[in-house]
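As stored in coords-v2.cif (mmCIF, C-alpha atoms):
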```
data_coords
loop_
_atom_site.label_atom_id
_atom_site.label_comp_id
_atom_site.auth_asym_id
_atom_site.auth_seq_id
_atom_site.Cartn_x
_atom_site.Cartn_y
_atom_site.Cartn_z
CA MET A 6 20.09 18.19 8.20
CA SER A 7 21.45 15.93 5.53
CA LEU A 8 20.79 12.26 5.25
CA SER A 9 23.90 10.62 6.62
CA GLU A 10 25.66 7.77 4.87
CA ASP A 11 24.69 5.41 7.67
CA ILE A 12 21.04 5.38 6.69
CA THR A 13 21.87 3.91 3.31
CA LEU A 14 23.40 0.80 4.88
CA ALA A 15 20.04 -0.44 6.07
CA LYS A 16 17.24 -1.06 3.64
CA ILE A 17 14.09 0.84 4.53
CA ILE A 18 10.93 -0.87 3.31
CA VAL A 19 7.52 0.74 3.69
CA VAL A 20 4.41 -1.43 3.75
CA THR A 21 1.63 0.76 2.43
CA SER A 22 -1.72 0.63 0.61
CA GLY A 23 -3.78 3.78 0.84
CA LYS A 24 -6.87 1.81 1.74
CA GLY A 25 -7.36 0.52 5.27
CA GLY A 26 -8.02 -3.05 6.27
CA VAL A 27 -6.19 -4.68 3.37
CA GLY A 28 -3.51 -6.31 5.53
CA LYS A 29 -0.69 -3.81 6.01
CA THR A 30 0.03 -4.66 9.63
CA THR A 31 -0.43 -8.40 9.07
CA SER A 32 2.00 -8.15 6.14
CA SER A 33 4.51 -5.97 8.02
CA ALA A 34 4.55 -8.46 10.89
CA ALA A 35 4.87 -11.47 8.59
CA ILE A 36 7.50 -10.00 6.29
CA GLY A 37 9.55 -8.48 9.11
CA THR A 38 9.55 -11.82 10.90
CA GLY A 39 10.42 -13.65 7.67
CA ILE A 40 13.40 -11.40 6.97
CA ALA A 41 14.64 -11.84 10.56
CA LEU A 42 14.28 -15.63 10.23
CA LYS A 43 16.65 -15.39 7.28
CA GLY A 44 19.27 -14.03 9.65
CA HIS A 45 18.99 -10.30 8.96
CA LYS A 46 18.69 -7.93 11.88
CA THR A 47 15.27 -6.38 11.42
CA VAL A 48 13.10 -3.77 13.11
CA ILE A 49 9.43 -3.17 12.38
CA ILE A 50 8.20 0.36 13.13
CA ASP A 51 4.52 1.10 13.67
CA PHE A 52 3.82 4.50 12.06
CA ASP A 53 0.12 4.45 12.92
CA VAL A 54 0.17 7.13 15.62
CA GLY A 55 -2.99 7.02 17.72
CA LEU A 56 -4.03 3.61 16.41
CA ARG A 57 -1.23 1.33 17.54
CA ASN A 58 -1.82 -2.28 16.52
CA LEU A 59 1.43 -3.84 15.41
CA ASP A 60 2.13 -4.69 19.06
CA LEU A 61 -1.06 -6.79 19.21
CA ILE A 62 -0.31 -8.60 15.97
CA MET A 63 3.23 -9.33 17.20
CA GLY A 64 1.97 -10.36 20.64
CA CYS A 65 4.05 -7.85 22.58
CA GLU A 66 1.31 -5.40 23.64
CA ARG A 67 1.98 -5.89 27.33
CA ARG A 68 5.65 -5.13 26.97
CA VAL A 69 5.21 -1.62 25.52
CA VAL A 70 6.74 0.96 27.86
CA TYR A 71 8.06 3.68 25.58
CA ASP A 72 7.14 4.35 21.96
CA PHE A 73 8.29 5.98 18.72
CA VAL A 74 7.09 9.47 19.74
CA ASN A 75 8.83 9.21 23.14
CA VAL A 76 12.08 8.57 21.28
CA ILE A 77 11.52 11.49 18.90
CA ASN A 78 10.77 13.78 21.86
CA LYS A 79 13.85 12.46 23.70
CA GLU A 80 11.72 11.18 26.57
CA ALA A 81 13.28 7.76 26.08
CA THR A 82 16.26 6.30 24.30
CA LEU A 83 15.86 4.05 21.31
CA SER A 84 17.07 1.02 23.23
CA GLN A 85 14.47 1.68 25.92
CA ALA A 86 11.66 1.79 23.36
CA LEU A 87 12.71 -1.14 21.16
CA ILE A 88 10.99 -4.40 22.06
CA LYS A 89 12.94 -7.56 21.38
CA ASP A 90 10.71 -10.21 19.86
CA LYS A 91 10.39 -13.28 22.07
CA ARG A 92 9.94 -15.82 19.29
CA THR A 93 12.25 -14.67 16.56
CA LYS A 94 15.93 -13.89 16.83
CA ASN A 95 17.19 -10.68 15.20
CA LEU A 96 13.75 -9.08 15.40
CA PHE A 97 12.70 -5.88 17.17
CA ILE A 98 9.52 -3.81 17.28
CA LEU A 99 9.20 -0.06 17.72
CA PRO A 100 5.60 0.60 18.78
CA ALA A 101 3.54 3.62 17.75
CA SER A 102 2.40 6.16 20.26
CA GLN A 103 -1.25 6.24 21.33
CA THR A 104 -1.22 10.04 21.44
CA ARG A 105 -3.97 11.87 19.60
CA ASP A 106 -1.55 14.54 18.47
CA LYS A 107 -1.30 14.00 14.73
CA ASP A 108 1.79 16.14 14.40
CA ALA A 109 3.80 14.01 16.80
CA LEU A 110 5.92 12.65 13.96
CA THR A 111 8.22 15.26 12.46
CA THR A 112 10.37 14.69 9.39
CA GLU A 113 13.52 15.59 11.35
CA GLY A 114 12.52 13.38 14.28
CA VAL A 115 11.76 10.39 12.06
CA GLN A 116 14.99 10.89 10.15
CA GLU A 117 17.04 10.95 13.35
CA VAL A 118 15.45 7.73 14.59
CA LEU A 119 15.91 6.01 11.21
CA GLU A 120 19.55 7.09 11.07
CA GLU A 121 20.19 5.64 14.49
CA LEU A 122 18.39 2.40 13.63
CA ALA A 123 20.29 2.13 10.35
CA LYS A 124 23.56 1.84 12.28
CA GLU A 125 22.39 -1.38 13.87
CA PHE A 126 19.81 -2.97 11.60
CA ASP A 127 19.89 -4.51 8.12
CA TYR A 128 16.20 -3.99 7.41
CA ILE A 129 13.79 -1.36 8.68
CA ILE A 130 10.14 -2.16 7.96
CA CYS A 131 7.77 0.82 8.19
CA ASP A 132 4.17 -0.20 8.82
CA SER A 133 2.19 2.69 7.32
CA PRO A 134 -1.17 3.93 8.54
CA ALA A 135 -4.06 3.92 6.08
CA GLY A 136 -4.83 7.02 4.05
CA ILE A 137 -2.61 9.46 2.18
CA GLU A 138 -2.27 12.01 4.95
CA LYS A 139 0.82 13.03 6.86
CA GLY A 140 1.25 9.76 8.76
CA ALA A 141 1.26 7.68 5.60
CA GLN A 142 3.54 10.17 3.86
CA MET A 143 5.94 10.09 6.80
CA ALA A 144 6.09 6.29 6.68
CA LEU A 145 7.08 6.26 3.01
CA TYR A 146 9.24 9.40 2.90
CA PHE A 147 12.61 7.77 3.60
CA ALA A 148 11.86 4.41 1.98
CA ASP A 149 14.15 2.56 -0.41
CA ALA A 150 11.46 0.05 -1.33
CA ALA A 151 7.68 -0.09 -1.00
CA ILE A 152 5.42 -3.08 -0.66
CA VAL A 153 1.99 -2.02 -1.87
CA VAL A 154 -0.57 -4.27 -0.21
CA THR A 155 -3.63 -4.64 -2.42
CA ASN A 156 -6.85 -6.67 -2.30
CA PRO A 157 -8.33 -7.84 -5.60
CA GLU A 158 -11.13 -5.33 -5.29
CA VAL A 159 -11.80 -2.03 -7.09
CA SER A 160 -11.36 0.47 -4.26
CA SER A 161 -8.16 -1.13 -3.02
CA VAL A 162 -6.60 -1.22 -6.51
CA ARG A 163 -7.49 2.41 -7.14
CA ASP A 164 -6.06 3.50 -3.78
CA SER A 165 -2.88 1.52 -4.46
CA ASP A 166 -2.44 3.45 -7.67
CA ARG A 167 -2.87 6.66 -5.71
CA ILE A 168 -0.16 5.59 -3.27
CA LEU A 169 2.14 4.74 -6.19
CA GLY A 170 1.73 8.33 -7.37
CA ILE A 171 2.72 9.59 -3.93
CA LEU A 172 5.73 7.26 -3.77
CA GLN A 173 6.85 8.72 -7.10
CA SER A 174 6.39 12.36 -6.18
CA LYS A 175 6.47 12.92 -2.41
CA SER A 176 9.24 10.64 -1.19
CA LYS A 177 12.73 11.83 -0.30
CA ARG A 178 14.14 9.89 -3.22
CA ALA A 179 11.75 11.70 -5.58
CA GLU A 180 12.49 15.10 -4.07
CA ASP A 181 16.25 14.54 -4.25
CA GLY A 182 16.01 13.27 -7.83
CA LYS A 183 17.59 9.97 -6.77
CA GLU A 184 16.80 6.51 -8.05
CA PRO A 185 13.07 5.98 -7.43
CA ILE A 186 11.68 3.77 -4.66
CA GLU A 187 11.47 0.10 -5.72
CA GLU A 188 7.77 -0.77 -5.86
CA TYR A 189 6.35 -4.24 -5.26
CA LEU A 190 2.80 -5.51 -5.40
CA LEU A 191 1.58 -7.82 -2.64
CA LEU A 192 -1.86 -9.15 -3.42
CA THR A 193 -3.68 -10.31 -0.29
CA ARG A 194 -7.03 -11.97 0.51
CA TYR A 195 -6.99 -13.77 -2.82
CA HIS A 196 -9.75 -16.33 -3.53
CA PRO A 197 -8.73 -18.59 -6.44
CA GLU A 198 -12.27 -20.04 -6.53
CA ARG A 199 -13.92 -16.67 -6.98
CA VAL A 200 -11.35 -15.69 -9.60
CA ALA A 201 -12.19 -18.88 -11.53
CA LEU A 202 -15.85 -17.92 -11.43
CA GLY A 203 -15.12 -14.44 -12.76
CA GLU A 204 -16.21 -12.86 -9.50
CA MET A 205 -12.84 -11.50 -8.49
CA LEU A 206 -10.00 -9.68 -10.24
CA SER A 207 -7.18 -12.10 -11.04
CA VAL A 208 -3.49 -11.65 -10.27
CA SER A 209 -2.84 -10.70 -13.89
CA ASP A 210 -5.76 -8.22 -13.92
CA VAL A 211 -4.26 -6.35 -10.97
CA GLU A 212 -0.75 -6.60 -12.43
CA ASP A 213 -2.05 -5.15 -15.72
CA ILE A 214 -3.62 -2.18 -13.99
CA LEU A 215 -0.90 -1.31 -11.48
CA ALA A 216 2.04 -2.33 -13.68
CA ILE A 217 4.53 -3.00 -10.89
CA PRO A 218 6.40 -6.25 -10.15
CA LEU A 219 4.55 -8.84 -8.09
CA ILE A 220 6.24 -9.89 -4.84
CA GLY A 221 3.58 -12.32 -3.65
CA VAL A 222 -0.02 -13.47 -3.56
CA ILE A 223 -1.48 -14.34 -0.17
CA PRO A 224 -4.60 -16.49 -0.35
CA GLU A 225 -7.56 -15.71 1.89
CA SER A 226 -6.96 -17.91 4.90
CA GLU A 227 -8.46 -18.64 8.27
CA ALA A 228 -4.93 -18.79 9.58
CA VAL A 229 -4.60 -14.99 9.41
CA LEU A 230 -7.35 -14.36 11.98
CA LYS A 231 -6.11 -17.24 14.08
CA ALA A 232 -2.62 -15.76 14.07
CA SER A 233 -3.82 -12.30 15.07
CA ASN A 234 -5.99 -13.80 17.83
CA GLN A 235 -2.88 -15.39 19.24
CA GLY A 236 -0.50 -12.51 18.61
CA ALA A 237 1.86 -14.53 16.43
CA PRO A 238 2.74 -13.41 12.89
CA VAL A 239 1.05 -15.73 10.39
CA ILE A 240 4.37 -16.54 8.69
CA LEU A 241 5.20 -18.70 11.71
CA ASP A 242 2.21 -20.91 10.88
CA THR A 243 3.98 -23.17 8.42
CA GLU A 244 0.91 -25.37 8.13
CA SER A 245 -1.07 -22.58 6.50
CA GLU A 246 -1.05 -21.49 2.88
CA ALA A 247 -0.97 -17.84 3.94
CA GLY A 248 2.11 -18.44 6.07
CA LEU A 249 3.90 -20.26 3.26
CA ALA A 250 2.89 -17.60 0.74
CA TYR A 251 4.46 -14.95 2.99
CA THR A 252 7.64 -17.02 3.22
CA ASP A 253 7.73 -17.11 -0.59
CA ALA A 254 7.22 -13.33 -0.73
CA VAL A 255 10.13 -12.78 1.68
CA ASN A 256 12.36 -15.04 -0.43
CA ARG A 257 11.51 -13.04 -3.54
CA LEU A 258 12.11 -9.77 -1.68
CA LEU A 259 15.59 -11.06 -0.80
CA GLY A 260 16.22 -11.88 -4.45
CA GLU A 261 15.40 -15.58 -4.66
CA GLU A 262 13.44 -17.07 -7.52
CA CYS A 263 10.29 -18.64 -6.20
CA PRO A 264 7.32 -19.82 -8.27
CA LEU A 265 3.84 -18.62 -7.28
CA ARG A 266 1.64 -21.18 -5.56
CA PHE A 267 -1.86 -21.52 -4.07
CA LEU A 268 -3.42 -19.81 -7.09
CA GLU A 269 -5.31 -22.84 -8.37
CA VAL A 270 -8.78 -23.86 -7.36
CA ARG A 271 -8.75 -26.69 -4.87
CA LYS A 272 -10.77 -29.70 -5.89
CA LYS A 273 -14.13 -29.96 -4.24
CA SER A 274 -16.25 -33.00 -3.64
CA PHE A 275 -19.05 -33.73 -6.09
CA MET A 276 -21.79 -33.05 -3.52
CA LYS A 277 -20.27 -29.73 -2.48
CA ARG A 278 -20.07 -28.68 -6.10
CA LEU A 279 -23.64 -29.72 -6.78
CA LEU A 280 -24.94 -27.74 -3.84
CA GLY A 281 -22.75 -24.74 -4.57
CA GLY A 282 -21.04 -24.84 -1.20
CA MET B 28 -20.72 -23.29 -8.75
CA GLY B 29 -24.10 -24.67 -7.75
CA ILE B 30 -26.61 -26.42 -9.95
CA PHE B 31 -28.72 -23.26 -10.27
CA ASP B 32 -25.81 -21.28 -11.68
CA TYR B 33 -25.99 -23.35 -14.87
CA PHE B 34 -29.23 -21.62 -15.78
CA LYS B 35 -27.73 -18.17 -15.59
CA SER B 36 -26.86 -16.32 -18.77
CA LYS B 37 -23.44 -17.27 -20.08
CA ASN B 38 -23.20 -14.18 -22.28
CA ALA B 39 -23.06 -11.45 -19.68
CA PRO B 40 -19.47 -10.32 -18.93
CA SER B 41 -18.18 -11.49 -15.59
CA SER B 42 -18.21 -8.95 -12.79
CA ALA B 43 -14.42 -9.23 -12.58
CA SER B 44 -14.01 -8.11 -16.18
CA VAL B 45 -16.38 -5.20 -15.56
CA ALA B 46 -14.25 -4.27 -12.56
CA LYS B 47 -11.07 -4.44 -14.64
CA ASP B 48 -12.51 -2.23 -17.40
CA ARG B 49 -13.75 0.35 -14.92
CA LEU B 50 -10.44 0.39 -13.08
CA GLN B 51 -8.41 0.78 -16.25
CA ILE B 52 -10.41 3.84 -17.23
CA ILE B 53 -10.40 5.57 -13.85
CA VAL B 54 -6.76 4.81 -13.15
CA ALA B 55 -5.67 6.14 -16.56
CA HIS B 56 -7.73 9.27 -15.94
CA GLU B 57 -6.26 9.82 -12.49
CA ARG B 58 -2.73 9.20 -13.70
CA SER B 59 -3.09 11.85 -16.39
CA LYS B 60 -4.17 14.35 -13.74
CA ARG B 61 -1.33 13.37 -11.44
CA HIS B 62 1.23 15.11 -13.60
CA GLN B 63 -0.66 18.32 -14.07
CA PRO B 64 0.71 21.38 -12.29
CA ASP B 65 -0.89 22.46 -9.02
CA TYR B 66 -1.89 25.86 -10.39
CA LEU B 67 -4.23 24.39 -13.01
CA PRO B 68 -7.46 24.36 -10.96
CA GLN B 69 -6.92 27.94 -9.80
CA MET B 70 -6.09 29.08 -13.31
CA GLN B 71 -9.25 27.41 -14.54
CA GLN B 72 -11.26 29.30 -11.92
CA GLU B 73 -9.72 32.62 -12.88
CA ILE B 74 -10.36 32.03 -16.58
CA ILE B 75 -13.98 31.28 -15.75
CA ASP B 76 -14.20 34.50 -13.72
CA VAL B 77 -12.84 36.55 -16.63
CA ILE B 78 -15.27 35.03 -19.12
CA ARG B 79 -18.13 35.53 -16.69
CA LYS B 80 -17.56 39.27 -16.79
CA TYR B 81 -18.89 39.14 -20.32
CA VAL B 82 -20.95 35.97 -20.69
CA GLN B 83 -22.87 33.89 -18.18
CA ILE B 84 -21.30 30.45 -18.11
CA GLY B 85 -21.19 27.70 -15.54
CA SER B 86 -18.00 26.10 -14.25
CA GLU B 87 -18.79 22.95 -16.25
CA ASP B 88 -18.71 24.96 -19.48
CA VAL B 89 -14.95 25.31 -19.33
CA GLN B 90 -12.79 22.27 -20.00
CA ILE B 91 -9.11 22.64 -19.41
CA GLN B 92 -6.59 19.99 -20.31
CA LEU B 93 -2.86 19.77 -20.34
CA ASP B 94 -1.32 17.26 -22.72
CA ASN B 95 2.32 16.39 -22.45
CA THR B 96 3.99 14.96 -25.49
CA ASP B 97 7.72 14.35 -25.75
CA ASP B 98 9.07 17.86 -25.73
CA CYS B 99 6.06 20.12 -25.68
CA SER B 100 3.02 20.68 -23.52
CA VAL B 101 -0.29 21.75 -24.99
CA LEU B 102 -2.83 23.55 -22.85
CA GLU B 103 -6.23 23.00 -24.34
CA LEU B 104 -9.02 25.30 -23.31
CA ASN B 105 -12.55 24.55 -24.36
CA VAL B 106 -15.28 27.07 -23.54
CA THR B 107 -18.89 26.33 -24.37
CA LEU B 108 -20.73 29.59 -24.79
CA PRO B 109 -24.46 29.62 -24.16
CA GLU B 110 -26.78 29.90 -27.16
CA GLN B 111 -27.84 33.44 -27.89
CA SER B 112 -31.44 34.05 -27.08
#
```
What's the structure tokens form of this structure?
Amino acid sequence: MSLSEDITLAKIIVVTSGKGGVGKTTSSAAIGTGIALKGHKTVIIDFDVGLRNLDLIMGCERRVVYDFVNVINKEATLSQALIKDKRTKNLFILPASQTRDKDALTTEGVQEVLEELAKEFDYIICDSPAGIEKGAQMALYFADAAIVVTNPEVSSVRDSDRILGILQSKSKRAEDGKEPIEEYLLLTRYHPERVALGEMLSVSDVEDILAIPLIGVIPESEAVLKASNQGAPVILDTESEAGLAYTDAVNRLLGEECPLRFLEVRKKSFMKRLLGG
Amino acid sequence: MGIFDYFKSKNAPSSASVAKDRLQIIVAHERSKRHQPDYLPQMQQEIIDVIRKYVQIGSEDVQIQLDNTDDCSVLELNVTLPEQS
């Protein structure tokens, strides 16, 4: 089967990291929502077979009837499985299956679904599972661009570098000898205070090591947990720094110039500083 | 920073800079291995087996490295033979 021309019309973006728990699903939900808010028809696909969670983060867990694997196995049509987001126009979610069968996603099956989606959507966001096994490789295989979600912490940075190696060697673009996948660094859970104290890798430290363009820095924020509690992507919380930082990242992804913000230490009161709070 | 932090040594490198140094080394090491052909580990094992027919060596006594420069690749094989008793 050859990749049809249709698939190239939509931009396929994988959100990946290698390491788990760094914020892939949070970022997929926020960025997908942000792109849709900009007026582009967007679908977010949960590739984490067996550990479905994008539905919870997006607040549509009770509306899941059919999933990605049902579509691949022709047990449901794509339009039956796609969930239209209630808050954001132009946004759809394709949930992962809760099956324990790890081989449920086949390259041909995924390709067919992506080709069909590409006819209708402008952006396809693939929320990758953690690890570097088949599921993660499947999520990145057809990608045009990759957002590598990284925490300023040694194991996350190392795993991100690992994933970059896989993007460069095991993707369809690499195998076909085409232009390589565009790679972008998204630094999450950033504490400017701890960076100032020399307790945390800085943005430039991580940029130096990974050597890929920076698409955004998301500060550690209480708003992220609050958003997931409520099942609303954090980008919709325009009061929060994390939400605004995701909006900036989406703008950069769509080619706008946007200065970095929320990287400076916030001023603390004298007493708090004295007591080390 | 609390008042007690002022008494701490100012000379020790920050933990972030230690993290950066460690990462730079391990990432460079892993990147160099990324481009090596898949057959290298098996070839290393077979070379060890051949040498073992004649001399007792451990698997750590053979270092194998592939260096890629612009237009040529150099396979470097380093075997440490045990001291003769």
> Which polymer residues have any atom within 6 Å of an atom of range 89-92 of chain B, counting all atoms listed in the file, with same-chain residues fewer than 5 positions away left out, as a PyMOL selection string?
Replying inline: chain B and resi 102-106
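The nearest approach to chain B among the residues A:Tyr195, A:Val162, A:Gly64, A:Val222, with all atoms listed in the file taken into account, belongs to A:Val162.
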>> I want to know what sits within 12 Å of Leu206 in chain A, based on all atoms listed in the file, with residues of the same chain fewer than 5 positions away left out; could you give that as a PyMOL selection string?
In response: (chain A and resi 155-162+192-201+211-214) or (chain B and resi 41-50)
Output the selection as a short mmCIF file (atom, residue, chain, number, x, y, z; two decimals), in the coordinates of the input - C-alpha atoms for each residue.
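Contents of the output file again-v4.cif:
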```cif
data_model
loop_
_atom_site.label_atom_id
_atom_site.label_comp_id
_atom_site.auth_asym_id
_atom_site.auth_seq_id
_atom_site.Cartn_x
_atom_site.Cartn_y
_atom_site.Cartn_z
CA THR A 155 -3.63 -4.64 -2.42
CA ASN A 156 -6.85 -6.67 -2.30
CA PRO A 157 -8.33 -7.84 -5.60
CA GLU A 158 -11.13 -5.33 -5.29
CA VAL A 159 -11.80 -2.03 -7.09
CA SER A 160 -11.36 0.47 -4.26
CA SER A 161 -8.16 -1.13 -3.02
CA VAL A 162 -6.60 -1.22 -6.51
CA LEU A 192 -1.86 -9.15 -3.42
CA THR A 193 -3.68 -10.31 -0.29
CA ARG A 194 -7.03 -11.97 0.51
CA TYR A 195 -6.99 -13.77 -2.82
CA HIS A 196 -9.75 -16.33 -3.53
CA PRO A 197 -8.73 -18.59 -6.44
CA GLU A 198 -12.27 -20.04 -6.53
CA ARG A 199 -13.92 -16.67 -6.98
CA VAL A 200 -11.35 -15.69 -9.60
CA ALA A 201 -12.19 -18.88 -11.53
CA VAL A 211 -4.26 -6.35 -10.97
CA GLU A 212 -0.75 -6.60 -12.43
CA ASP A 213 -2.05 -5.15 -15.72
CA ILE A 214 -3.62 -2.18 -13.99
CA SER B 41 -18.18 -11.49 -15.59
CA SER B 42 -18.21 -8.95 -12.79
CA ALA B 43 -14.42 -9.23 -12.58
CA SER B 44 -14.01 -8.11 -16.18
CA VAL B 45 -16.38 -5.20 -15.56
CA ALA B 46 -14.25 -4.27 -12.56
CA LYS B 47 -11.07 -4.44 -14.64
CA ASP B 48 -12.51 -2.23 -17.40
CA ARG B 49 -13.75 0.35 -14.92
CA LEU B 50 -10.44 0.39 -13.08
#
```
Quick one: apply the PyMOL selection byres ((chain A and resi 88-93) around 9) to the file and drop the selected residues here as a tab-separated table (two decimals) with C-alpha atoms, keeping the file's coordinate frame.
```
chain	number	residue	atom	x	y	z
A	38	THR	CA	9.55	-11.82	10.90
A	41	ALA	CA	14.64	-11.84	10.56
A	42	LEU	CA	14.28	-15.63	10.23
A	63	MET	CA	3.23	-9.33	17.20
A	64	GLY	CA	1.97	-10.36	20.64
A	65	CYS	CA	4.05	-7.85	22.58
A	68	ARG	CA	5.65	-5.13	26.97
A	69	VAL	CA	5.21	-1.62	25.52
A	70	VAL	CA	6.74	0.96	27.86
A	84	SER	CA	17.07	1.02	23.23
A	85	GLN	CA	14.47	1.68	25.92
A	86	ALA	CA	11.66	1.79	23.36
A	87	LEU	CA	12.71	-1.14	21.16
A	94	LYS	CA	15.93	-13.89	16.83
A	95	ASN	CA	17.19	-10.68	15.20
A	96	LEU	CA	13.75	-9.08	15.40
A	97	PHE	CA	12.70	-5.88	17.17
A	98	ILE	CA	9.52	-3.81	17.28
A	99	LEU	CA	9.20	-0.06	17.72
A	100	PRO	CA	5.60	0.60	18.78
A	237	ALA	CA	1.86	-14.53	16.43
```
>> For a test of reading the model, state the distance in Å between CA of Ala254 in chain A and CA of Ile40 in chain A, rounded to one decimal.
In response: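 Value for the CA of Ala254 in chain A-CA of Ile40 in chain A distance: 10.1 Å.
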I'd like to see the residues matched by the PyMOL selection byres ((chain A and resi 73) around 9) on this file, and ideally I'd get them as a compact mmCIF listing (two decimals) with C-alpha atoms, in the coordinates of the input.
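Once everything was written out, this is expr_11.txt:
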```
# COMPACT_ATOMS: atom_id res chain seq x y z
CA ILE A 50 8.20 0.36 13.13
CA ASP A 51 4.52 1.10 13.67
CA PHE A 52 3.82 4.50 12.06
CA VAL A 54 0.17 7.13 15.62
CA TYR A 71 8.06 3.68 25.58
CA ASP A 72 7.14 4.35 21.96
CA VAL A 74 7.09 9.47 19.74
CA ASN A 75 8.83 9.21 23.14
CA VAL A 76 12.08 8.57 21.28
CA ILE A 77 11.52 11.49 18.90
CA ASN A 78 10.77 13.78 21.86
CA LEU A 83 15.86 4.05 21.31
CA ALA A 86 11.66 1.79 23.36
CA LEU A 87 12.71 -1.14 21.16
CA LEU A 99 9.20 -0.06 17.72
CA PRO A 100 5.60 0.60 18.78
CA ALA A 101 3.54 3.62 17.75
CA SER A 102 2.40 6.16 20.26
CA LEU A 110 5.92 12.65 13.96
CA VAL A 115 11.76 10.39 12.06
CA VAL A 118 15.45 7.73 14.59
```
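Our summary of the geometry notes that CA of Arg178 in chain A is positioned 21.6 Å from CA of Lys60 in chain B.
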Which neighbours of Leu93 in chain B fall inside 12 Å, counting only C-alpha atoms, when residues of the same chain fewer than 5 positions from it are skipped, and could you give them as a short mmCIF file (atom, residue, chain, number, x, y, z; two decimals) with C-alpha atoms, keeping the file's coordinate frame?
```cif
data_model
loop_
_atom_site.label_atom_id
_atom_site.label_comp_id
_atom_site.auth_asym_id
_atom_site.auth_seq_id
_atom_site.Cartn_x
_atom_site.Cartn_y
_atom_site.Cartn_z
CA SER B 59 -3.09 11.85 -16.39
CA LYS B 60 -4.17 14.35 -13.74
CA ARG B 61 -1.33 13.37 -11.44
CA HIS B 62 1.23 15.11 -13.60
CA GLN B 63 -0.66 18.32 -14.07
CA PRO B 64 0.71 21.38 -12.29
CA ASP B 65 -0.89 22.46 -9.02
CA TYR B 66 -1.89 25.86 -10.39
CA LEU B 67 -4.23 24.39 -13.01
CA PRO B 68 -7.46 24.36 -10.96
CA GLN B 71 -9.25 27.41 -14.54
CA CYS B 99 6.06 20.12 -25.68
CA SER B 100 3.02 20.68 -23.52
CA VAL B 101 -0.29 21.75 -24.99
CA LEU B 102 -2.83 23.55 -22.85
CA GLU B 103 -6.23 23.00 -24.34
CA LEU B 104 -9.02 25.30 -23.31
CA ASN B 105 -12.55 24.55 -24.36
#
```
> Given the file above and the PyMOL selection byres ((chain B and resi 108) around 12), which residues are selected, and can you give them as a list in words?
Replying inline: Ile75, Ile78, Arg79, Tyr81, Val82, Gln83, Ile84, Gly85, Ser86, Glu87, Asp88, Val89, Gln90, Asn105, Val106, Thr107, Pro109, Glu110, Gln111 and Ser112 of chain B
> By how many Å are CA of Arg266 in chain A and CA of Ala232 in chain A apart?
Replying inline: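 A separation of 20.8 Å between them.
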